[in-house]
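Structure below is run_20.txt: compact mmCIF, N, CA and C atoms and all ligand atoms.
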```txt
# COMPACT_ATOMS: atom_id res chain seq x y z
N MET A 4 41.03 43.47 -76.19
CA MET A 4 41.10 42.75 -77.46
C MET A 4 40.40 43.57 -78.56
N ARG A 5 41.05 43.65 -79.72
CA ARG A 5 40.48 44.47 -80.80
C ARG A 5 39.36 43.72 -81.50
N THR A 6 38.39 44.52 -82.01
CA THR A 6 37.31 43.92 -82.78
C THR A 6 37.81 43.62 -84.19
N ALA A 7 37.01 42.86 -84.92
CA ALA A 7 37.39 42.54 -86.31
C ALA A 7 37.50 43.82 -87.13
N GLN A 8 36.58 44.78 -86.85
CA GLN A 8 36.61 46.03 -87.62
C GLN A 8 37.88 46.83 -87.31
N GLU A 9 38.29 46.84 -86.02
CA GLU A 9 39.51 47.55 -85.65
C GLU A 9 40.73 46.90 -86.30
N ASN A 10 40.71 45.56 -86.40
CA ASN A 10 41.80 44.87 -87.10
C ASN A 10 41.87 45.29 -88.55
N LEU A 11 40.68 45.38 -89.17
CA LEU A 11 40.63 45.79 -90.57
C LEU A 11 41.19 47.19 -90.74
N VAL A 12 40.75 48.09 -89.85
CA VAL A 12 41.21 49.48 -89.94
C VAL A 12 42.72 49.53 -89.80
N GLN A 13 43.26 48.74 -88.87
CA GLN A 13 44.71 48.76 -88.68
C GLN A 13 45.42 48.22 -89.91
N THR A 14 44.89 47.15 -90.47
CA THR A 14 45.51 46.57 -91.67
C THR A 14 45.46 47.57 -92.82
N HIS A 15 44.30 48.16 -93.02
CA HIS A 15 44.18 49.12 -94.12
C HIS A 15 45.06 50.33 -93.87
N GLY A 16 45.15 50.76 -92.61
CA GLY A 16 46.01 51.89 -92.28
C GLY A 16 47.45 51.60 -92.65
N ALA A 17 47.90 50.38 -92.37
CA ALA A 17 49.27 50.01 -92.70
C ALA A 17 49.46 49.99 -94.22
N LEU A 18 48.46 49.46 -94.93
CA LEU A 18 48.56 49.41 -96.39
C LEU A 18 48.58 50.82 -96.98
N LEU A 19 47.76 51.71 -96.39
CA LEU A 19 47.73 53.08 -96.90
C LEU A 19 49.09 53.75 -96.71
N ARG A 20 49.74 53.44 -95.60
CA ARG A 20 51.03 54.08 -95.32
C ARG A 20 52.09 53.66 -96.34
N VAL A 21 52.00 52.44 -96.87
CA VAL A 21 53.01 52.04 -97.86
C VAL A 21 52.56 52.38 -99.28
N GLY A 22 51.38 52.95 -99.46
CA GLY A 22 51.00 53.45 -100.76
C GLY A 22 49.91 52.69 -101.47
N LEU A 23 48.78 52.54 -100.82
CA LEU A 23 47.66 51.87 -101.46
C LEU A 23 46.72 52.93 -102.04
N VAL A 24 46.43 52.82 -103.34
CA VAL A 24 45.56 53.80 -103.97
C VAL A 24 44.38 53.10 -104.65
N LEU A 25 43.28 53.84 -104.75
CA LEU A 25 42.11 53.36 -105.48
C LEU A 25 42.08 54.07 -106.82
N GLU A 26 41.69 53.37 -107.86
CA GLU A 26 41.62 54.02 -109.17
C GLU A 26 40.43 53.48 -109.95
N GLY A 27 39.97 54.29 -110.90
CA GLY A 27 38.82 53.89 -111.69
C GLY A 27 37.67 54.86 -111.49
N ILE A 28 36.51 54.47 -111.97
CA ILE A 28 35.33 55.34 -111.93
C ILE A 28 34.27 54.70 -111.04
N CYS A 29 33.74 55.51 -110.13
CA CYS A 29 32.69 55.06 -109.21
C CYS A 29 31.43 54.70 -110.01
N ASN A 30 30.86 53.53 -109.73
CA ASN A 30 29.65 53.13 -110.44
C ASN A 30 28.37 53.45 -109.65
N LYS A 31 28.55 54.21 -108.54
CA LYS A 31 27.42 54.66 -107.70
C LYS A 31 26.65 53.48 -107.09
N CYS A 32 27.38 52.43 -106.74
CA CYS A 32 26.70 51.28 -106.13
C CYS A 32 26.19 51.60 -104.72
N GLY A 33 26.79 52.59 -104.07
CA GLY A 33 26.26 53.11 -102.81
C GLY A 33 26.71 52.44 -101.54
N VAL A 34 27.43 51.32 -101.64
CA VAL A 34 27.70 50.57 -100.41
C VAL A 34 28.67 51.29 -99.46
N CYS A 35 29.45 52.25 -99.97
CA CYS A 35 30.35 52.97 -99.07
C CYS A 35 29.62 54.08 -98.31
N CYS A 36 28.37 54.32 -98.61
CA CYS A 36 27.60 55.38 -97.94
C CYS A 36 26.57 54.82 -96.96
N VAL A 37 26.65 53.53 -96.71
CA VAL A 37 25.76 52.88 -95.73
C VAL A 37 26.63 52.13 -94.73
N GLY A 38 26.04 51.68 -93.65
CA GLY A 38 26.81 50.94 -92.66
C GLY A 38 25.90 50.18 -91.73
N ILE A 39 26.54 49.52 -90.78
CA ILE A 39 25.80 48.80 -89.74
C ILE A 39 26.14 49.44 -88.41
N HIS A 40 25.12 49.80 -87.64
CA HIS A 40 25.33 50.39 -86.31
C HIS A 40 24.47 49.64 -85.31
N GLU A 41 25.12 49.00 -84.36
CA GLU A 41 24.42 48.20 -83.34
C GLU A 41 23.44 47.23 -83.99
N GLY A 42 23.89 46.57 -85.05
CA GLY A 42 23.10 45.54 -85.70
C GLY A 42 22.04 46.06 -86.66
N GLU A 43 21.99 47.38 -86.82
CA GLU A 43 20.95 47.97 -87.67
C GLU A 43 21.61 48.65 -88.86
N GLN A 44 21.02 48.50 -90.04
CA GLN A 44 21.59 49.17 -91.21
C GLN A 44 21.27 50.66 -91.15
N VAL A 45 22.28 51.46 -91.43
CA VAL A 45 22.11 52.91 -91.43
C VAL A 45 22.57 53.46 -92.78
N PHE A 46 21.98 54.59 -93.16
CA PHE A 46 22.21 55.18 -94.47
C PHE A 46 22.54 56.66 -94.31
N CYS A 47 23.43 57.17 -95.14
CA CYS A 47 23.67 58.62 -95.11
C CYS A 47 22.39 59.34 -95.51
N GLU A 48 22.11 60.43 -94.82
CA GLU A 48 20.89 61.20 -95.10
C GLU A 48 20.86 61.76 -96.53
N ASN A 49 22.03 61.86 -97.16
CA ASN A 49 22.08 62.43 -98.51
C ASN A 49 22.03 61.40 -99.62
N LEU A 50 21.90 60.15 -99.23
CA LEU A 50 21.93 59.07 -100.22
C LEU A 50 20.52 58.79 -100.74
N GLU A 51 20.35 58.95 -102.03
CA GLU A 51 19.07 58.59 -102.65
C GLU A 51 19.23 57.18 -103.22
N ILE A 52 18.39 56.27 -102.76
CA ILE A 52 18.51 54.88 -103.19
C ILE A 52 17.54 54.62 -104.34
N LEU A 53 18.12 54.23 -105.48
CA LEU A 53 17.33 54.07 -106.70
C LEU A 53 17.20 52.60 -107.11
N GLY A 54 18.06 51.77 -106.56
CA GLY A 54 18.04 50.36 -106.95
C GLY A 54 18.65 49.51 -105.85
N GLU A 55 19.13 48.34 -106.21
CA GLU A 55 19.68 47.42 -105.21
C GLU A 55 21.10 47.84 -104.87
N LEU A 56 21.33 48.13 -103.59
CA LEU A 56 22.66 48.53 -103.15
C LEU A 56 23.69 47.51 -103.62
N GLY A 57 24.82 48.00 -104.13
CA GLY A 57 25.86 47.10 -104.62
C GLY A 57 25.78 46.88 -106.12
N SER A 58 24.72 47.42 -106.75
CA SER A 58 24.58 47.32 -108.21
C SER A 58 24.92 48.67 -108.83
N PRO A 59 25.41 48.67 -110.07
CA PRO A 59 25.72 49.96 -110.71
C PRO A 59 24.50 50.88 -110.75
N ASP A 60 24.74 52.16 -110.50
CA ASP A 60 23.70 53.20 -110.53
C ASP A 60 22.57 52.95 -109.54
N ALA A 61 22.89 52.28 -108.44
CA ALA A 61 21.86 52.01 -107.42
C ALA A 61 21.54 53.23 -106.59
N THR A 62 22.46 54.21 -106.59
CA THR A 62 22.25 55.36 -105.70
C THR A 62 22.71 56.66 -106.35
N MET A 63 22.35 57.75 -105.68
CA MET A 63 22.83 59.06 -106.09
C MET A 63 23.02 59.88 -104.81
N CYS A 64 24.12 60.61 -104.75
CA CYS A 64 24.36 61.48 -103.59
C CYS A 64 23.75 62.85 -103.91
N ARG A 65 22.83 63.30 -103.06
CA ARG A 65 22.13 64.56 -103.34
C ARG A 65 23.05 65.77 -103.24
N ILE A 66 24.17 65.63 -102.55
CA ILE A 66 25.05 66.80 -102.38
C ILE A 66 26.43 66.55 -102.99
N HIS A 67 26.51 65.62 -103.94
CA HIS A 67 27.82 65.19 -104.43
C HIS A 67 28.68 66.35 -104.90
N ALA A 68 28.09 67.27 -105.63
CA ALA A 68 28.89 68.37 -106.20
C ALA A 68 29.34 69.37 -105.15
N SER A 69 28.62 69.45 -104.06
CA SER A 69 28.95 70.48 -103.06
C SER A 69 29.66 69.93 -101.83
N ARG A 70 29.96 68.64 -101.82
CA ARG A 70 30.67 68.08 -100.65
C ARG A 70 32.04 68.72 -100.53
N VAL A 71 32.45 68.93 -99.30
CA VAL A 71 33.80 69.41 -99.04
C VAL A 71 34.43 68.47 -98.01
N LEU A 72 35.71 68.68 -97.77
CA LEU A 72 36.39 67.87 -96.76
C LEU A 72 35.65 67.97 -95.43
N ASN A 73 35.32 66.83 -94.86
CA ASN A 73 34.66 66.76 -93.54
C ASN A 73 33.25 67.33 -93.52
N THR A 74 32.52 67.25 -94.60
CA THR A 74 31.11 67.65 -94.59
C THR A 74 30.35 66.84 -93.54
N PRO A 75 29.69 67.50 -92.58
CA PRO A 75 28.94 66.75 -91.57
C PRO A 75 27.71 66.07 -92.18
N ILE A 76 27.45 64.86 -91.76
CA ILE A 76 26.27 64.12 -92.24
C ILE A 76 25.64 63.38 -91.06
N TRP A 77 24.37 63.10 -91.18
CA TRP A 77 23.69 62.21 -90.24
C TRP A 77 23.44 60.88 -90.91
N MET A 78 23.58 59.82 -90.14
CA MET A 78 23.21 58.50 -90.61
C MET A 78 21.82 58.19 -90.08
N LEU A 79 20.97 57.69 -90.96
CA LEU A 79 19.57 57.43 -90.63
C LEU A 79 19.31 55.93 -90.58
N ASN A 80 18.33 55.54 -89.78
CA ASN A 80 17.94 54.13 -89.80
C ASN A 80 16.87 53.88 -90.87
N SER A 81 16.37 52.67 -90.92
CA SER A 81 15.48 52.31 -92.02
C SER A 81 14.16 53.06 -92.00
N VAL A 82 13.80 53.68 -90.86
CA VAL A 82 12.56 54.47 -90.83
C VAL A 82 12.86 55.97 -90.82
N GLY A 83 14.10 56.32 -91.17
CA GLY A 83 14.44 57.72 -91.36
C GLY A 83 14.79 58.49 -90.10
N GLU A 84 15.01 57.77 -88.99
CA GLU A 84 15.40 58.47 -87.75
C GLU A 84 16.91 58.68 -87.73
N ARG A 85 17.33 59.84 -87.21
CA ARG A 85 18.75 60.12 -87.08
C ARG A 85 19.36 59.21 -86.01
N VAL A 86 20.45 58.54 -86.37
CA VAL A 86 21.07 57.59 -85.43
C VAL A 86 22.38 58.18 -84.87
N PHE A 87 23.25 58.67 -85.75
CA PHE A 87 24.45 59.35 -85.26
C PHE A 87 24.97 60.29 -86.33
N GLU A 88 25.75 61.27 -85.85
CA GLU A 88 26.33 62.25 -86.78
C GLU A 88 27.77 61.85 -87.06
N THR A 89 28.19 62.04 -88.30
CA THR A 89 29.57 61.72 -88.67
C THR A 89 29.98 62.68 -89.79
N ILE A 90 31.01 62.33 -90.53
CA ILE A 90 31.41 63.17 -91.66
C ILE A 90 31.44 62.34 -92.93
N CYS A 91 31.25 63.02 -94.06
CA CYS A 91 31.41 62.36 -95.34
C CYS A 91 32.91 62.19 -95.58
N ALA A 92 33.31 60.96 -95.85
CA ALA A 92 34.73 60.70 -96.07
C ALA A 92 35.10 61.12 -97.49
N LYS A 93 35.47 62.36 -97.65
CA LYS A 93 35.82 62.85 -98.99
C LYS A 93 37.23 63.44 -98.96
N ASP A 94 38.00 63.08 -99.95
CA ASP A 94 39.32 63.69 -100.16
C ASP A 94 40.28 63.55 -99.00
N ASN A 95 40.20 62.48 -98.27
CA ASN A 95 41.25 62.24 -97.29
C ASN A 95 41.45 60.73 -97.14
N GLU A 96 42.36 60.35 -96.28
CA GLU A 96 42.67 58.93 -96.12
C GLU A 96 41.43 58.13 -95.71
N LEU A 97 40.55 58.78 -94.98
CA LEU A 97 39.34 58.09 -94.52
C LEU A 97 38.49 57.62 -95.70
N GLU A 98 38.50 58.39 -96.80
CA GLU A 98 37.71 58.00 -97.96
C GLU A 98 38.21 56.66 -98.51
N THR A 99 39.52 56.55 -98.68
CA THR A 99 40.09 55.29 -99.17
C THR A 99 39.78 54.16 -98.20
N ARG A 100 39.95 54.44 -96.92
CA ARG A 100 39.73 53.40 -95.91
C ARG A 100 38.26 52.95 -95.90
N THR A 101 37.36 53.91 -96.01
CA THR A 101 35.93 53.59 -96.01
C THR A 101 35.56 52.73 -97.21
N ILE A 102 36.08 53.09 -98.38
CA ILE A 102 35.77 52.32 -99.59
C ILE A 102 36.36 50.92 -99.50
N LEU A 103 37.58 50.82 -98.95
CA LEU A 103 38.19 49.49 -98.77
C LEU A 103 37.35 48.63 -97.85
N GLU A 104 36.91 49.20 -96.75
CA GLU A 104 36.18 48.42 -95.76
C GLU A 104 34.77 48.05 -96.20
N LYS A 105 34.11 49.01 -96.86
CA LYS A 105 32.70 48.80 -97.16
C LYS A 105 32.43 48.42 -98.61
N GLY A 106 33.29 48.88 -99.52
CA GLY A 106 32.94 48.77 -100.93
C GLY A 106 33.59 47.65 -101.70
N ILE A 107 34.92 47.49 -101.51
CA ILE A 107 35.65 46.53 -102.34
C ILE A 107 35.12 45.12 -102.10
N GLY A 108 34.75 44.47 -103.18
CA GLY A 108 34.21 43.11 -103.08
C GLY A 108 32.71 43.07 -102.87
N ARG A 109 32.08 44.26 -102.73
CA ARG A 109 30.63 44.29 -102.50
C ARG A 109 29.91 45.10 -103.57
N GLY A 110 30.58 45.35 -104.67
CA GLY A 110 29.94 46.09 -105.75
C GLY A 110 30.74 47.28 -106.22
N CYS A 111 31.77 47.64 -105.47
CA CYS A 111 32.58 48.82 -105.86
C CYS A 111 33.29 48.54 -107.18
N SER A 112 33.28 49.55 -108.04
CA SER A 112 33.92 49.40 -109.36
C SER A 112 35.37 49.86 -109.36
N LEU A 113 35.85 50.36 -108.24
CA LEU A 113 37.22 50.86 -108.21
C LEU A 113 38.22 49.71 -108.07
N GLY A 114 39.41 49.94 -108.59
CA GLY A 114 40.48 48.95 -108.45
C GLY A 114 41.45 49.40 -107.36
N VAL A 115 42.14 48.45 -106.76
CA VAL A 115 43.10 48.74 -105.70
C VAL A 115 44.50 48.50 -106.23
N ARG A 116 45.36 49.47 -106.03
CA ARG A 116 46.76 49.32 -106.50
C ARG A 116 47.70 49.62 -105.35
N LEU A 117 48.68 48.79 -105.20
CA LEU A 117 49.67 48.99 -104.15
C LEU A 117 50.93 49.55 -104.79
N ILE A 118 51.33 50.73 -104.34
CA ILE A 118 52.55 51.33 -104.88
C ILE A 118 53.68 50.98 -103.93
N CYS A 119 54.60 50.18 -104.39
CA CYS A 119 55.69 49.77 -103.50
C CYS A 119 56.67 50.92 -103.34
N PRO A 120 57.00 51.26 -102.11
CA PRO A 120 57.95 52.35 -101.91
C PRO A 120 59.34 51.97 -102.40
N GLN A 121 60.09 52.99 -102.87
CA GLN A 121 61.48 52.76 -103.31
C GLN A 121 62.32 52.31 -102.12
N ILE A 122 63.12 51.31 -102.32
CA ILE A 122 64.04 50.89 -101.26
C ILE A 122 65.44 51.37 -101.64
N SER A 123 66.01 52.24 -100.82
CA SER A 123 67.32 52.80 -101.19
C SER A 123 68.40 52.23 -100.28
S1 LIG A 201 27.30 62.86 -98.45
FE1 LIG A 201 29.02 61.42 -98.62
S2 LIG A 201 28.37 59.61 -97.43
FE2 LIG A 201 26.54 60.84 -97.88
S3 LIG A 201 25.68 60.00 -99.77
FE3 LIG A 201 27.02 61.69 -100.33
S4 LIG A 201 28.99 60.71 -100.76
FE4 LIG A 201 27.78 59.24 -99.56
S1 LIG A 202 31.65 51.53 -103.11
FE1 LIG A 202 32.91 52.28 -104.81
S2 LIG A 202 31.59 52.25 -106.63
FE2 LIG A 202 30.27 52.04 -104.81
S3 LIG A 202 29.59 54.15 -104.40
FE3 LIG A 202 31.43 53.75 -103.14
S4 LIG A 202 33.18 54.47 -104.39
FE4 LIG A 202 31.40 54.26 -105.75
```
Would you mind giving the structure from this file in structure tokens?
Amino acid sequence: MRTAQENLVQTHGALLRVGLVLEGICNKCGVCCVGIHEGEQVFCENLEILGELGSPDATMCRIHASRVLNTPIWMLNSVGERVFETICAKDNELETRTILEKGIGRGCSLGVRLICPQIS
């Protein structure tokens, strides 16, 4: 049986395939750079937290200008211990999926648009 998160991923994957795009300007709320792992909140090691997550200008990415596709990152727990290694979701489908799952409705300033494919 699939978990709720796997269901979400599948739904978003289907939406992405028919043309779901994000548009607008990131307000740096930071919620797409954090997560929950085994019941514990984890944060990207490059995320500087300046305010309340989910609020505009709450965070800054220390490597934002130098990120490339699949930049490796560690996720840290609340006391700064490395929990697991992953990649920064930049410039690929994973970025859209991550923002949809973690950001939309939780402070993300981006809008979601569905591009309906031409039916011939
Ligand atoms: S490296 Fe990627 S995941 Fe980490 S803070 Fe920067 S944008 Fe967020
Ligand atoms: S959730 Fe949206 S607004 Fe917030 S940091 Fe991520 S992309 Fe930017």
For ligand LIG 202 (chain A), take all atoms listed in the file, fit an axis-aligned box around them, add 4 Å to each of the six sides, then output centre and edge lengths in Å rounded to one decimal, as lines of an AutoDock Vina configuration file.
```
center_x = 31.4
center_y = 53.0
center_z = -104.9
size_x = 11.6
size_y = 10.9
size_z = 11.5
```
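Between ligand LIG 202 (chain A) and the residues A:Arg109, A:Arg70, A:Pro75, A:Val24, the shortest atom-to-atom distance, using all atoms listed in the file, involves A:Arg109.
Residues in contact with Ala61 (chain A) at up to 6 Å, not including ones fewer than 3 positions away on its chain and judged by only N, CA and C atoms, are Asn30, Lys31, Cys32, Gly33, Glu51, Ile52, Leu53, Gly54, Glu55, Leu56, Gly57 and Ser58 of chain A.
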**Study point:** Spatial neighbours of Val86 (chain A), 12 Å, only C-alpha atoms, chain gap at least 5 places, as number ranges by chain
**Key:** A: 38-41, 43-48, 76-81
Exercise for review: Residues within 6 Å of ligand LIG 202 (chain A), counting only N, CA and C atoms and all ligand atoms: report them as a PyMOL selection string.
Suggested key: chain A and resi 28-36+102+105-107+110-113
Study note, to complete from the structure: ligand LIG 201 (chain A) proximity check over A:Leu103, A:Ala68, A:Val82, A:Cys91, using only N, CA and C atoms and all ligand atoms: winner is A:Cys91
**Study point:** Picked from region 23-115 of chain A by DSSP as strand (DSSP E or B), as a PyMOL selection string
**Key:** chain A and resi 23-26+37-40+43-47+50-52+62-64+75-79+85-90+114-115
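One finds CA of Leu72 (chain A) at 10.5 Å from CA of Leu97 (chain A).
Between CA of Gly108 (chain A) and atom FE3 of ligand LIG 201 (chain A) the separation is 20.1 Å.
Straight-line separation from atom C of Gly22 (chain A) to CA of Val115 (chain A): 8.9 Å.
Counting all atoms listed in the file, the residue from A:Gly27, A:Leu50, A:Glu84, A:Glu98 that sits nearest to ligand LIG 201 (chain A) is A:Leu50.
Proximity to ligand LIG 201 (chain A) was assessed for A:Thr99, A:Lys93, A:Pro59, A:Glu88 counting only C-alpha atoms and all ligand atoms; the smallest distance is recorded for A:Lys93.
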